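> final01.pdb is reproduced in full below (PDB, C-alpha atoms).
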ATOM      1  CA  GLU A   1      14.297  -1.516 -18.095
ATOM      2  CA  ASN A   2      12.529  -1.371 -14.707
ATOM      3  CA  ALA A   3       9.239  -2.329 -16.346
ATOM      4  CA  PHE A   4      10.982  -5.189 -18.170
ATOM      5  CA  THR A   5      12.526  -6.341 -14.884
ATOM      6  CA  ASN A   6       9.134  -6.524 -13.186
ATOM      7  CA  LYS A   7       7.567  -8.433 -16.096
ATOM      8  CA  TYR A   8      10.523 -10.822 -16.294
ATOM      9  CA  GLN A   9      10.339 -11.497 -12.559
ATOM     10  CA  ARG A  10       6.597 -12.250 -12.759
ATOM     11  CA  TRP A  11       7.216 -14.521 -15.754
ATOM     12  CA  CYS A  12       9.913 -16.473 -13.860
ATOM     13  CA  ARG A  13       7.609 -16.852 -10.863
ATOM     14  CA  LYS A  14       4.715 -18.030 -13.026
ATOM     15  CA  HIS A  15       6.721 -20.639 -14.948
ATOM     16  CA  GLY A  16       8.888 -21.803 -12.043
ATOM     17  CA  TYR A  17      12.227 -20.373 -13.219
ATOM     18  CA  ASN A  18      14.936 -18.936 -10.964
ATOM     19  CA  PHE A  19      14.976 -15.133 -11.254
ATOM     20  CA  SER A  20      18.422 -13.644 -11.815
ATOM     21  CA  GLU A  21      18.958  -9.876 -11.740
ATOM     22  CA  SER A  22      22.216 -10.250 -13.634
ATOM     23  CA  LYS A  23      20.324 -11.564 -16.661
ATOM     24  CA  VAL A  24      17.836  -8.693 -16.799
ATOM     25  CA  HIS A  25      20.215  -6.047 -18.124
ATOM     26  CA  ILE A  26      21.742  -8.474 -20.635
ATOM     27  CA  LEU A  27      18.351  -9.550 -21.971
ATOM     28  CA  HIS A  28      17.061  -5.983 -22.167
ATOM     29  CA  THR A  29      20.192  -4.726 -23.940
ATOM     30  CA  GLU A  30      20.239  -7.604 -26.433
ATOM     31  CA  ALA A  31      16.536  -7.233 -27.221
ATOM     32  CA  SER A  32      16.791  -3.468 -27.674
ATOM     33  CA  GLY A  33      19.687  -3.796 -30.085
ATOM     34  CA  HIS A  34      18.126  -6.377 -32.394
ATOM     35  CA  ILE A  35      15.010  -4.722 -33.768
ATOM     36  CA  GLY A  36      14.980  -5.317 -37.509
ATOM     37  CA  ILE A  37      13.590  -2.644 -39.808
ATOM     38  CA  MET A  38      12.716  -3.548 -43.401
ATOM     39  CA  PRO A  39      11.208  -1.415 -46.175
ATOM     40  CA  LYS A  40       7.513  -1.842 -46.967
ATOM     41  CA  SER A  41       7.756  -3.168 -50.496
ATOM     42  CA  GLU A  42       6.054  -5.954 -52.431
ATOM     43  CA  THR A  43       9.279  -7.951 -52.533
ATOM     44  CA  ILE A  44       9.612  -7.845 -48.746
ATOM     45  CA  LYS A  45       5.963  -8.880 -48.366
ATOM     46  CA  ILE A  46       6.535 -11.913 -50.599
ATOM     47  CA  LEU A  47       9.649 -12.909 -48.651
ATOM     48  CA  VAL A  48       7.834 -12.576 -45.333
ATOM     49  CA  LYS A  49       4.897 -14.675 -46.589
ATOM     50  CA  GLN A  50       7.278 -17.376 -47.824
ATOM     51  CA  ALA A  51       9.089 -17.414 -44.502
ATOM     52  CA  VAL A  52       5.791 -17.720 -42.627
ATOM     53  CA  ALA A  53       4.673 -20.583 -44.905
ATOM     54  CA  GLN A  54       7.943 -22.445 -44.317
ATOM     55  CA  LEU A  55       7.681 -21.904 -40.565
ATOM     56  CA  ARG A  56       4.127 -23.253 -40.515
ATOM     57  CA  ALA A  57       5.149 -26.291 -42.564
ATOM     58  CA  SER A  58       8.048 -26.975 -40.181
ATOM     59  CA  SER A  59       5.775 -26.597 -37.151
ATOM     60  CA  THR A  60       3.247 -29.019 -38.654
ATOM     61  CA  ALA A  61       5.944 -31.593 -39.432
ATOM     62  CA  HIS A  62       7.373 -31.187 -35.925
ATOM     63  CA  ALA A  63       3.948 -31.780 -34.357
ATOM     64  CA  VAL A  64       3.412 -34.927 -36.453
ATOM     65  CA  LEU A  65       6.826 -36.341 -35.531
ATOM     66  CA  LYS A  66       6.299 -35.525 -31.850
ATOM     67  CA  GLN A  67       2.931 -37.294 -31.891
ATOM     68  CA  GLU A  68       4.495 -40.334 -33.573
ATOM     69  CA  MET A  69       7.263 -40.390 -30.948
ATOM     70  CA  GLN A  70       4.646 -40.384 -28.194
ATOM     71  CA  SER A  71       2.634 -43.112 -29.893
ATOM     72  CA  LEU A  72       5.637 -45.420 -30.213
ATOM     73  CA  ALA A  73       7.034 -44.669 -26.757
ATOM     74  CA  SER A  74       3.668 -45.243 -25.038
ATOM     75  CA  GLN A  75       3.802 -48.881 -26.174
ATOM     76  CA  LEU A  76       6.889 -49.528 -24.027
ATOM     77  CA  PRO A  77       6.266 -50.970 -20.542
ATOM     78  CA  GLU A  78       8.520 -48.402 -18.816
ATOM     79  CA  TYR A  79       6.678 -45.444 -20.361
ATOM     80  CA  PRO A  80       4.621 -44.400 -17.287
ATOM     81  CA  VAL A  81       7.510 -44.440 -14.817
ATOM     82  CA  VAL A  82       9.860 -42.588 -17.184
ATOM     83  CA  MET A  83       7.307 -39.876 -17.930
ATOM     84  CA  GLU A  84       6.857 -39.268 -14.193
ATOM     85  CA  MET A  85      10.531 -38.308 -13.755
ATOM     86  CA  TYR A  86      11.104 -34.593 -13.349
ATOM     87  CA  GLY A  87      12.385 -32.701 -16.379
ATOM     88  CA  VAL A  88      11.596 -35.443 -18.893
ATOM     89  CA  GLY A  89       8.457 -34.303 -20.705
ATOM     90  CA  GLU A  90       6.943 -35.353 -24.014
ATOM     91  CA  SER A  91      10.122 -34.779 -26.022
ATOM     92  CA  PHE A  92      12.933 -35.931 -23.751
ATOM     93  CA  GLY A  93      11.059 -38.992 -22.435
ATOM     94  CA  PRO A  94      10.805 -40.791 -25.792
ATOM     95  CA  GLN A  95      14.376 -39.737 -26.586
ATOM     96  CA  LEU A  96      15.641 -41.318 -23.360
ATOM     97  CA  MET A  97      13.790 -44.580 -23.943
ATOM     98  CA  ALA A  98      14.868 -44.723 -27.598
ATOM     99  CA  GLU A  99      18.562 -44.201 -26.823
ATOM    100  CA  ILE A 100      18.726 -46.439 -23.732
ATOM    101  CA  GLY A 101      16.460 -49.249 -24.910
ATOM    102  CA  ASP A 102      15.694 -52.051 -22.478
ATOM    103  CA  VAL A 103      17.474 -51.024 -19.283
ATOM    104  CA  ARG A 104      17.763 -54.677 -18.220
ATOM    105  CA  ARG A 105      20.472 -55.234 -20.815
ATOM    106  CA  PHE A 106      22.806 -53.303 -18.494
ATOM    107  CA  GLU A 107      24.016 -55.396 -15.565
ATOM    108  CA  ARG A 108      24.752 -52.414 -13.329
ATOM    109  CA  LYS A 109      24.110 -48.693 -13.069
ATOM    110  CA  GLN A 110      27.731 -48.075 -13.971
ATOM    111  CA  SER A 111      27.232 -49.905 -17.262
ATOM    112  CA  LEU A 112      24.459 -47.533 -18.294
ATOM    113  CA  VAL A 113      26.506 -44.517 -17.206
ATOM    114  CA  ALA A 114      29.427 -45.781 -19.278
ATOM    115  CA  PHE A 115      27.100 -46.327 -22.251
ATOM    116  CA  ALA A 116      26.104 -42.664 -22.031
ATOM    117  CA  GLY A 117      29.766 -41.639 -21.885
ATOM    118  CA  ILE A 118      29.388 -39.561 -18.716
ATOM    119  CA  ASP A 119      31.560 -41.742 -16.491
ATOM    120  CA  PRO A 120      34.695 -39.918 -15.275
ATOM    121  CA  MET A 121      37.976 -40.988 -16.815
ATOM    122  CA  PRO A 122      40.555 -42.372 -14.367
ATOM    123  CA  ASN A 123      43.313 -39.978 -13.343
ATOM    124  CA  GLN A 124      46.572 -41.894 -13.733
ATOM    125  CA  SER A 125      48.790 -39.203 -12.190
ATOM    126  CA  GLY A 126      49.244 -39.312  -8.425
ATOM    127  CA  GLU A 127      51.021 -35.936  -8.348
ATOM    128  CA  LYS A 128      48.708 -34.016 -10.653
ATOM    129  CA  ASN A 129      46.127 -31.887  -8.795
ATOM    130  CA  VAL A 130      42.997 -31.505 -10.915
ATOM    131  CA  ARG A 131      39.648 -29.987 -10.017
ATOM    132  CA  SER A 132      37.768 -32.882 -11.614
ATOM    133  CA  ASN A 133      38.169 -35.634 -14.166
ATOM    134  CA  LYS A 134      36.714 -35.286 -17.634
ATOM    135  CA  SER A 135      33.923 -37.579 -18.778
ATOM    136  CA  SER A 136      34.891 -40.337 -21.155
ATOM    137  CA  LYS A 137      32.479 -39.323 -23.974
ATOM    138  CA  ARG A 138      32.813 -42.799 -25.443
ATOM    139  CA  GLY A 139      29.096 -43.586 -25.475
ATOM    140  CA  SER A 140      26.031 -42.244 -27.261
ATOM    141  CA  PRO A 141      26.317 -38.505 -28.056
ATOM    142  CA  TYR A 142      22.549 -38.310 -28.558
ATOM    143  CA  LEU A 143      21.901 -39.677 -25.069
ATOM    144  CA  ARG A 144      24.398 -37.205 -23.579
ATOM    145  CA  LYS A 145      22.663 -34.325 -25.343
ATOM    146  CA  THR A 146      19.267 -35.449 -24.055
ATOM    147  CA  LEU A 147      20.622 -35.767 -20.519
ATOM    148  CA  PHE A 148      22.226 -32.330 -20.764
ATOM    149  CA  ASN A 149      18.883 -30.818 -21.822
ATOM    150  CA  ILE A 150      17.113 -32.508 -18.914
ATOM    151  CA  MET A 151      19.729 -31.174 -16.500
ATOM    152  CA  THR A 152      19.109 -27.697 -17.918
ATOM    153  CA  VAL A 153      15.465 -28.067 -16.856
ATOM    154  CA  HIS A 154      16.609 -29.130 -13.376
ATOM    155  CA  LEU A 155      18.946 -26.151 -13.197
ATOM    156  CA  GLN A 156      16.177 -23.721 -14.159
ATOM    157  CA  ARG A 157      13.414 -25.184 -12.008
ATOM    158  CA  ALA A 158      15.439 -26.343  -8.963
ATOM    159  CA  PRO A 159      13.610 -29.639  -8.184
ATOM    160  CA  GLU A 160      14.659 -32.144  -5.564
ATOM    161  CA  PRO A 161      16.952 -34.073  -5.123
ATOM    162  CA  VAL A 162      19.016 -33.903  -8.344
ATOM    163  CA  TYR A 163      19.209 -30.103  -8.160
ATOM    164  CA  GLN A 164      20.649 -30.263  -4.634
ATOM    165  CA  PHE A 165      23.433 -32.494  -5.903
ATOM    166  CA  LEU A 166      23.997 -30.193  -8.894
ATOM    167  CA  ASP A 167      24.004 -27.066  -6.719
ATOM    168  CA  THR A 168      26.473 -28.643  -4.282
ATOM    169  CA  LYS A 169      28.896 -29.341  -7.129
ATOM    170  CA  ARG A 170      28.432 -25.804  -8.460
ATOM    171  CA  ALA A 171      28.991 -24.271  -5.030
ATOM    172  CA  GLY A 172      32.169 -26.307  -4.741
ATOM    173  CA  GLY A 173      33.647 -24.439  -7.702
ATOM    174  CA  LYS A 174      33.218 -27.120 -10.348
ATOM    175  CA  PRO A 175      33.086 -25.907 -13.990
ATOM    176  CA  TYR A 176      29.687 -25.692 -15.668
ATOM    177  CA  TYR A 177      30.058 -28.757 -17.877
ATOM    178  CA  VAL A 178      31.494 -30.812 -15.022
ATOM    179  CA  TYR A 179      28.652 -30.237 -12.561
ATOM    180  CA  MET A 180      26.043 -30.654 -15.290
ATOM    181  CA  MET A 181      27.479 -34.028 -16.275
ATOM    182  CA  ALA A 182      27.834 -35.061 -12.635
ATOM    183  CA  ALA A 183      24.127 -34.332 -12.140
ATOM    184  CA  ALA A 184      23.332 -36.230 -15.343
ATOM    185  CA  ASN A 185      25.270 -39.172 -13.908
ATOM    186  CA  LYS A 186      23.115 -39.097 -10.774
ATOM    187  CA  PHE A 187      19.916 -38.731 -12.812
ATOM    188  CA  LEU A 188      20.820 -41.700 -14.993
ATOM    189  CA  ARG A 189      21.481 -43.876 -11.947
ATOM    190  CA  ARG A 190      18.042 -42.967 -10.592
ATOM    191  CA  TYR A 191      16.562 -43.750 -14.005
ATOM    192  CA  TYR A 192      18.195 -47.175 -13.965
ATOM    193  CA  ALA A 193      16.921 -47.996 -10.474
ATOM    194  CA  LYS A 194      13.372 -46.756 -11.064
ATOM    195  CA  VAL A 195      12.875 -48.403 -14.453
ATOM    196  CA  ARG A 196      14.534 -51.696 -13.511
ATOM    197  CA  ASP A 197      12.464 -52.004 -10.315
ATOM    198  CA  TYR A 198       9.288 -51.152 -12.208
ATOM    199  CA  LEU A 199       9.940 -53.750 -14.908
ATOM    200  CA  ALA A 200      10.774 -56.323 -12.245
ATOM    201  CA  SER A 201       7.431 -55.625 -10.544
ATOM    202  CA  LEU A 202       5.648 -56.202 -13.846
ATOM    203  CA  ASP A 203       7.425 -59.524 -14.313
ATOM    204  CA  SER A 204       6.354 -60.639 -10.840
ATOM    205  CA  LEU A 205       2.645 -60.004 -11.431
ATOM    206  CA  PRO A 206       0.505 -63.148 -11.791
ATOM    207  CA  PRO A 207      -0.972 -63.820 -15.247
ATOM    208  CA  VAL A 208      -4.407 -62.388 -15.948
ATOM    209  CA  ASP A 209      -7.152 -65.014 -15.618
ATOM    210  CA  MET A 210      -9.525 -64.935 -18.608
ATOM    211  CA  ASP A 211     -12.885 -66.616 -18.979
ATOM    212  CA  SER A 212     -14.190 -68.237 -22.141
ATOM    213  CA  THR A 213     -15.395 -64.900 -23.538
ATOM    214  CA  GLY A 214     -11.934 -63.370 -23.286
ATOM    215  CA  LEU A 215     -12.973 -61.021 -20.432
ATOM    216  CA  ASN A 216     -11.334 -60.770 -17.031
ATOM    217  CA  LYS A 217     -13.009 -62.913 -14.398
TER
END
Now that the file is in, can you turn its structure into structure tokens?


Amino acid sequence: ENAFTNKYQRWCRKHGYNFSESKVHILHTEASGHIGIMPKSETIKILVKQAVAQLRASSTAHAVLKQEMQSLASQLPEYPVVMEMYGVGESFGPQLMAEIGDVRRFERKQSLVAFAGIDPMPNQSGEKNVRSNKSSKRGSPYLRKTLFNIMTVHLQRAPEPVYQFLDTKRAGGKPYYVYMMAAANKFLRRYYAKVRDYLASLDSLPPVDMDSTGLNK
């Protein structure tokens, strides 16, 4: 277990994850207790080969779909600014743009937050003391899932400034889902501001002057 702890700590440092000693024993115990032993027979060999073939086919299909997602998303004007946001990446970036669409169709940041269903529901009781209000969950479940995955990256890598907001909520005793959704709310507001400003800057650019050959002057 000590050797595993050292390797796990080096792995976390290399990949930018937060090292947690409490996870080491759990991971080591779970891994040690799940070593499968199967008999060396022809039937088992056939089953293993079939499983490997299916896994390779799934990996190939996944790579093709991921490449197609990138190809379609790269045609959108907001693609460069979205892909620069921390925690987005090649999978979550196209998912965000596909679920949100043209951000200019939302008049305010609050409208986009409500569309995602991560806006807090109003607390009608003046006497009831609650730790936090639940999110409405009335918007796109796919967008919420994508945002939750992005917040998981923020939680693991501790970037600025969304992680600071998330960590403040966590330190204040908020439940896991509550502070994750609160951070997603903040991230989505930043997304709205960045993308809307970027698209506005593109609209304000003067038209490209072309000569008779179709080349820029």

> Taking the file as shown, what set of residues would the PyMOL selection byres ((chain A and resi 85-94) around 8) give back, as a compact mmCIF listing (two decimals) with C-alpha atoms, in the coordinates of the input?


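The file below, expr.txt, is the result:
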# COMPACT_ATOMS: atom_id res chain seq x y z
CA LYS A 66 6.30 -35.52 -31.85
CA MET A 69 7.26 -40.39 -30.95
CA GLN A 70 4.65 -40.38 -28.19
CA ALA A 73 7.03 -44.67 -26.76
CA VAL A 81 7.51 -44.44 -14.82
CA VAL A 82 9.86 -42.59 -17.18
CA MET A 83 7.31 -39.88 -17.93
CA GLU A 84 6.86 -39.27 -14.19
CA GLN A 95 14.38 -39.74 -26.59
CA LEU A 96 15.64 -41.32 -23.36
CA MET A 97 13.79 -44.58 -23.94
CA ALA A 98 14.87 -44.72 -27.60
CA THR A 146 19.27 -35.45 -24.06
CA ILE A 150 17.11 -32.51 -18.91
CA MET A 151 19.73 -31.17 -16.50
CA VAL A 153 15.46 -28.07 -16.86
CA HIS A 154 16.61 -29.13 -13.38
CA PRO A 159 13.61 -29.64 -8.18

> Considering all atoms listed in the file, can you say which of A:Met181, A:Leu147, A:Met38, A:Ile100 comes closest to Pro120 in chain A?

A:Met181

> Leaving out Ile118 in chain A and any residue of its chain fewer than 4 positions from it, which residues lie within 10 Å of it when counting all atoms listed in the file, given as a list in words?

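Contacts, in chain order: Gln110, Leu112, Val113, Ala114, Lys134, Ser135, Ser136, Lys137, Arg138, Gly139, Ser140, Pro141, Leu143, Arg144, Leu147, Val178, Met181, Ala182, Ala183, Ala184, Asn185 and Leu188 of chain A.
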
> What is the CA of His28 in chain A-CA of Trp11 in chain A distance in Å, reported with one decimal?

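Separating CA of His28 in chain A from CA of Trp11 in chain A is a distance of 14.5 Å.
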
> Could you tell me which of A:Ile26, A:Tyr79, A:Lys14, A:Lys45 comes closest to Val195 in chain A if we count all atoms listed in the file?

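Answer, going by the shortest atom-to-atom distance: A:Tyr79.
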
> Between CA of Gln9 in chain A and CA of His25 in chain A, what is the distance in Å, rounded to a tenth?

12.6 Å

> Could you tell me, as a ChimeraX atom specification, exactly which residues end up selected when the PyMOL selection byres ((chain A and resi 103) around 12) is applied to this structure?

/A:76-78,82,96-102,104-113,115,188-200

> Can you tell me how far CA of Asn2 in chain A sits from CA of Gly33 in chain A, in Å to one decimal?

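Separation between CA of Asn2 in chain A and CA of Gly33 in chain A: 17.1 Å.
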
> Need to verify the contact set: Phe19 in chain A, 10 Å, all atoms listed in the file, exclusion of same-chain residues closer than 4 positions in sequence. Can you return it as a PyMOL selection string?

chain A and resi 5+8-13+23-24+156

> Keeping only C-alpha atoms, write those residues as an mmCIF file, keeping the file's coordinate frame.


data_model
loop_
_atom_site.group_PDB
_atom_site.id
_atom_site.type_symbol
_atom_site.label_atom_id
_atom_site.label_comp_id
_atom_site.auth_asym_id
_atom_site.auth_seq_id
_atom_site.Cartn_x
_atom_site.Cartn_y
_atom_site.Cartn_z
ATOM 1 C CA THR A 5 12.526 -6.341 -14.884
ATOM 2 C CA TYR A 8 10.523 -10.822 -16.294
ATOM 3 C CA GLN A 9 10.339 -11.497 -12.559
ATOM 4 C CA ARG A 10 6.597 -12.250 -12.759
ATOM 5 C CA TRP A 11 7.216 -14.521 -15.754
ATOM 6 C CA CYS A 12 9.913 -16.473 -13.860
ATOM 7 C CA ARG A 13 7.609 -16.852 -10.863
ATOM 8 C CA LYS A 23 20.324 -11.564 -16.661
ATOM 9 C CA VAL A 24 17.836 -8.693 -16.799
ATOM 10 C CA GLN A 156 16.177 -23.721 -14.159
#

> Export range 100-125 of chain A of the preceding structure, keeping N, CA, C and O atoms, as a CSV table (one decimal), in the first residue's frame.


chain,number,residue,atom,x,y,z
A,100,ILE,N,-26.6,24.6,-26.1
A,100,ILE,CA,-26.9,26.0,-25.9
A,100,ILE,C,-27.3,26.7,-27.2
A,100,ILE,O,-28.3,27.5,-27.2
A,101,GLY,N,-26.7,26.3,-28.3
A,101,GLY,CA,-27.0,27.0,-29.5
A,101,GLY,C,-26.4,28.4,-29.6
A,101,GLY,O,-25.4,28.7,-28.9
A,102,ASP,N,-27.1,29.3,-30.3
A,102,ASP,CA,-26.6,30.7,-30.4
A,102,ASP,C,-27.0,31.4,-29.1
A,102,ASP,O,-28.1,31.5,-28.7
A,103,VAL,N,-25.9,31.8,-28.4
A,103,VAL,CA,-26.1,32.4,-27.0
A,103,VAL,C,-26.9,33.7,-27.1
A,103,VAL,O,-27.5,34.1,-26.1
A,104,ARG,N,-26.9,34.3,-28.3
A,104,ARG,CA,-27.6,35.6,-28.4
A,104,ARG,C,-29.1,35.5,-28.4
A,104,ARG,O,-29.8,36.5,-28.3
A,105,ARG,N,-29.6,34.3,-28.4
A,105,ARG,CA,-31.1,34.1,-28.3
A,105,ARG,C,-31.6,34.3,-26.9
A,105,ARG,O,-32.8,34.3,-26.6
A,106,PHE,N,-30.6,34.3,-25.9
A,106,PHE,CA,-30.9,34.6,-24.5
A,106,PHE,C,-30.7,36.0,-24.2
A,106,PHE,O,-29.6,36.5,-24.4
A,107,GLU,N,-31.7,36.7,-23.7
A,107,GLU,CA,-31.6,38.2,-23.5
A,107,GLU,C,-30.6,38.5,-22.3
A,107,GLU,O,-29.9,39.5,-22.3
A,108,ARG,N,-30.6,37.6,-21.3
A,108,ARG,CA,-29.8,37.8,-20.2
A,108,ARG,C,-29.1,36.5,-19.7
A,108,ARG,O,-29.4,35.5,-20.2
A,109,LYS,N,-28.1,36.7,-18.8
A,109,LYS,CA,-27.4,35.5,-18.3
A,109,LYS,C,-28.4,34.6,-17.6
A,109,LYS,O,-28.3,33.4,-17.6
A,110,GLN,N,-29.3,35.2,-16.8
A,110,GLN,CA,-30.3,34.5,-16.1
A,110,GLN,C,-31.2,33.6,-17.0
A,110,GLN,O,-31.6,32.5,-16.5
A,111,SER,N,-31.4,34.0,-18.2
A,111,SER,CA,-32.2,33.3,-19.1
A,111,SER,C,-31.5,32.0,-19.5
A,111,SER,O,-32.1,30.9,-19.6
A,112,LEU,N,-30.2,32.1,-19.7
A,112,LEU,CA,-29.4,30.9,-20.1
A,112,LEU,C,-29.3,29.9,-18.9
A,112,LEU,O,-29.5,28.7,-19.0
A,113,VAL,N,-29.2,30.5,-17.7
A,113,VAL,CA,-29.1,29.7,-16.5
A,113,VAL,C,-30.4,28.9,-16.3
A,113,VAL,O,-30.5,27.8,-15.9
A,114,ALA,N,-31.5,29.6,-16.5
A,114,ALA,CA,-32.9,29.0,-16.4
A,114,ALA,C,-33.0,27.9,-17.4
A,114,ALA,O,-33.7,26.9,-17.2
A,115,PHE,N,-32.5,28.1,-18.6
A,115,PHE,CA,-32.6,27.2,-19.7
A,115,PHE,C,-31.9,25.9,-19.3
A,115,PHE,O,-32.4,24.8,-19.6
A,116,ALA,N,-30.8,26.0,-18.6
A,116,ALA,CA,-30.0,24.8,-18.1
A,116,ALA,C,-30.7,24.2,-16.9
A,116,ALA,O,-30.4,23.0,-16.6
A,117,GLY,N,-31.6,24.9,-16.2
A,117,GLY,CA,-32.3,24.3,-15.1
A,117,GLY,C,-31.5,24.3,-13.8
A,117,GLY,O,-31.7,23.5,-13.0
A,118,ILE,N,-30.5,25.2,-13.7
A,118,ILE,CA,-29.7,25.3,-12.5
A,118,ILE,C,-29.9,26.6,-11.8
A,118,ILE,O,-29.1,26.9,-10.9
A,119,ASP,N,-31.0,27.2,-12.1
A,119,ASP,CA,-31.4,28.4,-11.3
A,119,ASP,C,-32.1,27.9,-10.0
A,119,ASP,O,-32.9,27.0,-10.0
A,120,PRO,N,-31.8,28.6,-8.8
A,120,PRO,CA,-32.4,28.1,-7.6
A,120,PRO,C,-33.9,28.4,-7.6
A,120,PRO,O,-34.3,29.5,-8.0
A,121,MET,N,-34.7,27.5,-7.0
A,121,MET,CA,-36.1,27.7,-6.9
A,121,MET,C,-36.4,28.7,-5.7
A,121,MET,O,-35.7,28.7,-4.7
A,122,PRO,N,-37.4,29.6,-5.9
A,122,PRO,CA,-37.7,30.5,-4.8
A,122,PRO,C,-38.2,29.8,-3.6
A,122,PRO,O,-38.9,28.8,-3.7
A,123,ASN,N,-37.8,30.3,-2.4
A,123,ASN,CA,-38.2,29.7,-1.1
A,123,ASN,C,-39.4,30.6,-0.6
A,123,ASN,O,-39.2,31.7,-0.2
A,124,GLN,N,-40.6,30.0,-0.7
A,124,GLN,CA,-41.8,30.8,-0.3
A,124,GLN,C,-42.0,30.9,1.2
A,124,GLN,O,-42.7,31.8,1.6
A,125,SER,N,-41.3,30.1,2.0
A,125,SER,CA,-41.5,30.1,3.4
A,125,SER,C,-40.6,31.1,4.1
A,125,SER,O,-39.4,31.0,3.9
